[in-house]
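Below: the structure, in structure tokens.
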Amino acid sequence: MTSRRQLGAAALRLAACGALGGCGFHPLYAENGQTNAPAALGEIFVLRIPERTGQELRQALQARLDGSGSAARKRFELTASYYIEQQTLSIQQDNSSTRVRLIGHVSWSLRSDIPSAPLVASGFARALDGNNIVDEQFFYADLQNAAAQQRLAGALADQVTQQLAIYFEQHPTAG
């Protein structure tokens with residue numbers, strides 16, 4: 001049975017949604033013509049990023065930027081500098097650690113594909129992940145580290161994509 005409190009909360013949520021629509025709120029990735037971001041994101045080519053971790057970040061960025069699979073002409077080039085900082089945590093009495101924190105840093109810049117074009121936008125993203133170190137199970141630790149690096153790449157790709165979408169939303173003539 002539904003209580004008055006639950007009905008009141010549902011009515012409040014419904015009113016809040018209506019108020020957001022009235023103030024001009026709309027989804028950042030809307031495909032109904034209200035925003036410039038999805039079309040402009042599909043026009044970005046991600047340049048190579050060195051190392052295996054850079055390849056994972058590039059693949060994650062490509063999946064998010066060209067998620068529609070459209071064959072849009074690439075008018076922008078995204079360059080990224082990516083590195084992972086590793087910190088050991090939970091130091092034991094024998095000076096061994098039982099946890100590793102990975103901190104991924106990416107600085108990116110967006111340029112037009114026209115030679116010698118000025119910088120369009122730039123930004124920075126940072127994400128954290130970690131894993132436990134298990135004694136005498138090297139293969140398992142290696143798999144955990146690889147999974148943590150993939151999660152980092154995905155989180156950083158989400159942040160960069162969001163920053164780019166916000167840029168194109170605020171600068172509609174750029175897209």
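Residue numbering restarts at 1 for every chain of the structure tokens, chains are lettered A, B, ... in their displayed order, and ligands are numbered from 1 as they appear.
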
| said: Which residues are near A:Gln92? Cut-off 12 Å, only C-alpha atoms, ignore same chain within fewer than 6 positions. Put them as a ChimeraX atom specification. | reply: /A:98-99,133

Would you write out, as JSON lines, a table of all residues in stretch 108-138 of chain A that have an atom no more than 10 Å from an atom of stretch 83-88 of chain A, listing for each the closest atom pair and the distance in Å to one decimal, considering only C-alpha atoms and ordering rows by chain and rising residue number?
{"residue": "A:Arg126", "atom": "CA", "partner": "A:Ile84", "partner_atom": "CA", "distance": 9.7}
{"residue": "A:Ala127", "atom": "CA", "partner": "A:Ile84", "partner_atom": "CA", "distance": 9.5}
{"residue": "A:Leu128", "atom": "CA", "partner": "A:Ile84", "partner_atom": "CA", "distance": 9.5}
{"residue": "A:Asp129", "atom": "CA", "partner": "A:Gln86", "partner_atom": "CA", "distance": 9.8}
{"residue": "A:Gly130", "atom": "CA", "partner": "A:Gln86", "partner_atom": "CA", "distance": 9.0}
{"residue": "A:Asn132", "atom": "CA", "partner": "A:Thr88", "partner_atom": "CA", "distance": 9.9}
{"residue": "A:Ile133", "atom": "CA", "partner": "A:Thr88", "partner_atom": "CA", "distance": 9.7}

| Which polymer residues have any atom within 12 Å of an atom of A:Gln149, counting only C-alpha atoms, with same-chain residues fewer than 3 positions away left out, as number ranges by chain? | A: 52-57, 60, 82-86, 100-105, 127-131, 142-146, 152-156

Expected file: the selected residues, C-alpha atoms, as a PDB file, in the first residue's frame:
ATOM      1  CA  ARG A  52      49.575   0.456 -24.045  1.00  0.00           C
ATOM      2  CA  THR A  53      47.712   2.566 -21.500  1.00  0.00           C
ATOM      3  CA  GLY A  54      47.507   5.335 -24.104  1.00  0.00           C
ATOM      4  CA  GLN A  55      46.005   2.899 -26.596  1.00  0.00           C
ATOM      5  CA  GLU A  56      43.328   1.984 -24.064  1.00  0.00           C
ATOM      6  CA  LEU A  57      42.522   5.657 -23.467  1.00  0.00           C
ATOM      7  CA  ALA A  60      37.774   4.591 -24.917  1.00  0.00           C
ATOM      8  CA  TYR A  82      48.510  10.517 -20.533  1.00  0.00           C
ATOM      9  CA  TYR A  83      50.363   9.012 -17.620  1.00  0.00           C
ATOM     10  CA  ILE A  84      49.537   6.893 -14.597  1.00  0.00           C
ATOM     11  CA  GLU A  85      50.993   7.587 -11.187  1.00  0.00           C
ATOM     12  CA  GLN A  86      51.260   4.598  -8.868  1.00  0.00           C
ATOM     13  CA  VAL A 100      48.167   0.110  -4.903  1.00  0.00           C
ATOM     14  CA  ARG A 101      46.457   3.357  -5.889  1.00  0.00           C
ATOM     15  CA  LEU A 102      46.574   4.329  -9.553  1.00  0.00           C
ATOM     16  CA  ILE A 103      46.063   7.979 -10.472  1.00  0.00           C
ATOM     17  CA  GLY A 104      45.521   8.671 -14.154  1.00  0.00           C
ATOM     18  CA  HIS A 105      46.296  12.137 -15.514  1.00  0.00           C
ATOM     19  CA  ALA A 127      40.831   9.802 -12.058  1.00  0.00           C
ATOM     20  CA  LEU A 128      41.667   7.358  -9.261  1.00  0.00           C
ATOM     21  CA  ASP A 129      41.501   3.587  -9.052  1.00  0.00           C
ATOM     22  CA  GLY A 130      43.278   0.899  -7.118  1.00  0.00           C
ATOM     23  CA  ASN A 131      43.691  -2.745  -6.393  1.00  0.00           C
ATOM     24  CA  ASP A 142      48.681  -8.567 -13.237  1.00  0.00           C
ATOM     25  CA  LEU A 143      45.057  -9.065 -14.288  1.00  0.00           C
ATOM     26  CA  GLN A 144      43.859  -6.742 -11.522  1.00  0.00           C
ATOM     27  CA  ASN A 145      46.322  -4.062 -12.575  1.00  0.00           C
ATOM     28  CA  ALA A 146      45.223  -4.330 -16.218  1.00  0.00           C
ATOM     29  CA  LEU A 152      40.982   4.511 -15.404  1.00  0.00           C
ATOM     30  CA  ALA A 153      40.952   4.921 -19.179  1.00  0.00           C
ATOM     31  CA  GLY A 154      37.154   4.727 -19.204  1.00  0.00           C
ATOM     32  CA  ALA A 155      36.733   7.237 -16.389  1.00  0.00           C
ATOM     33  CA  LEU A 156      39.150   9.679 -18.013  1.00  0.00           C
TER      34      LEU A 156
END

| said: Which residue is closest to A:Arg48? Choose from A:Leu89, A:Ala174, A:Val120, A:Leu61 and count only C-alpha atoms. | reply: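 Checking each of A:Leu89, A:Ala174, A:Val120, A:Leu61 against A:Arg48, counting only C-alpha atoms, the winner is A:Leu61.
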
| request: Excluding A:Leu164 and any residue of its chain fewer than 4 positions from it, enumerate the residues within 12 Å of it, using only C-alpha atoms, and give them as a PyMOL selection string. | output: chain A and resi 28-29+36-44+61+64-65+76+78+108-111+120-125+157-160+168-172+174-175

Go ahead and save the picked residues with C-alpha atoms, as a compact mmCIF listing (two decimals), in the first residue's frame.
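And here's again.txt as it stands now:
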# COMPACT_ATOMS: atom_id res chain seq x y z
CA LEU A 28 23.91 17.52 -22.84
CA TYR A 29 23.89 14.65 -25.34
CA ASN A 36 25.32 21.02 -30.76
CA ALA A 37 27.43 18.53 -28.81
CA PRO A 38 26.62 15.11 -30.37
CA ALA A 39 27.30 16.19 -33.96
CA ALA A 40 30.49 18.04 -33.03
CA LEU A 41 31.78 15.12 -30.93
CA GLY A 42 31.48 12.84 -33.95
CA GLU A 43 33.77 15.19 -35.90
CA ILE A 44 36.76 14.64 -33.59
CA LEU A 61 37.73 8.14 -26.33
CA ARG A 64 32.55 7.80 -26.66
CA LEU A 65 33.16 10.47 -29.29
CA PHE A 76 39.02 18.39 -35.28
CA LEU A 78 42.35 15.67 -30.26
CA TRP A 108 44.23 17.24 -23.85
CA SER A 109 44.00 19.84 -26.59
CA LEU A 110 41.62 20.16 -29.50
CA ARG A 111 42.66 21.76 -32.79
CA VAL A 120 40.22 25.37 -30.14
CA ALA A 121 40.03 24.05 -26.57
CA SER A 122 42.13 22.31 -23.95
CA GLY A 123 41.64 20.72 -20.58
CA PHE A 124 42.80 18.29 -17.92
CA ALA A 125 41.24 15.24 -16.31
CA ALA A 157 37.49 9.26 -21.40
CA ASP A 158 34.13 10.07 -19.77
CA GLN A 159 35.57 13.26 -18.26
CA VAL A 160 37.24 14.41 -21.50
CA PHE A 168 30.62 22.68 -27.92
CA GLU A 169 27.43 23.51 -26.03
CA GLN A 170 28.88 26.85 -24.92
CA HIS A 171 30.42 27.61 -28.35
CA PRO A 172 27.82 26.51 -30.93
CA ALA A 174 32.75 25.99 -33.19
CA GLY A 175 30.92 22.79 -34.12

| task | Figure out the distance between atom CA of A:Thr161 and atom CA of A:Thr173, please, to one decimal in Å. | result |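 Going from atom CA of A:Thr173 over to atom CA of A:Thr161 covers 18.3 Å.
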
| Å distance separating atom CA of A:Pro115 from atom CA of A:Pro50, one decimal place | 22.4 Å
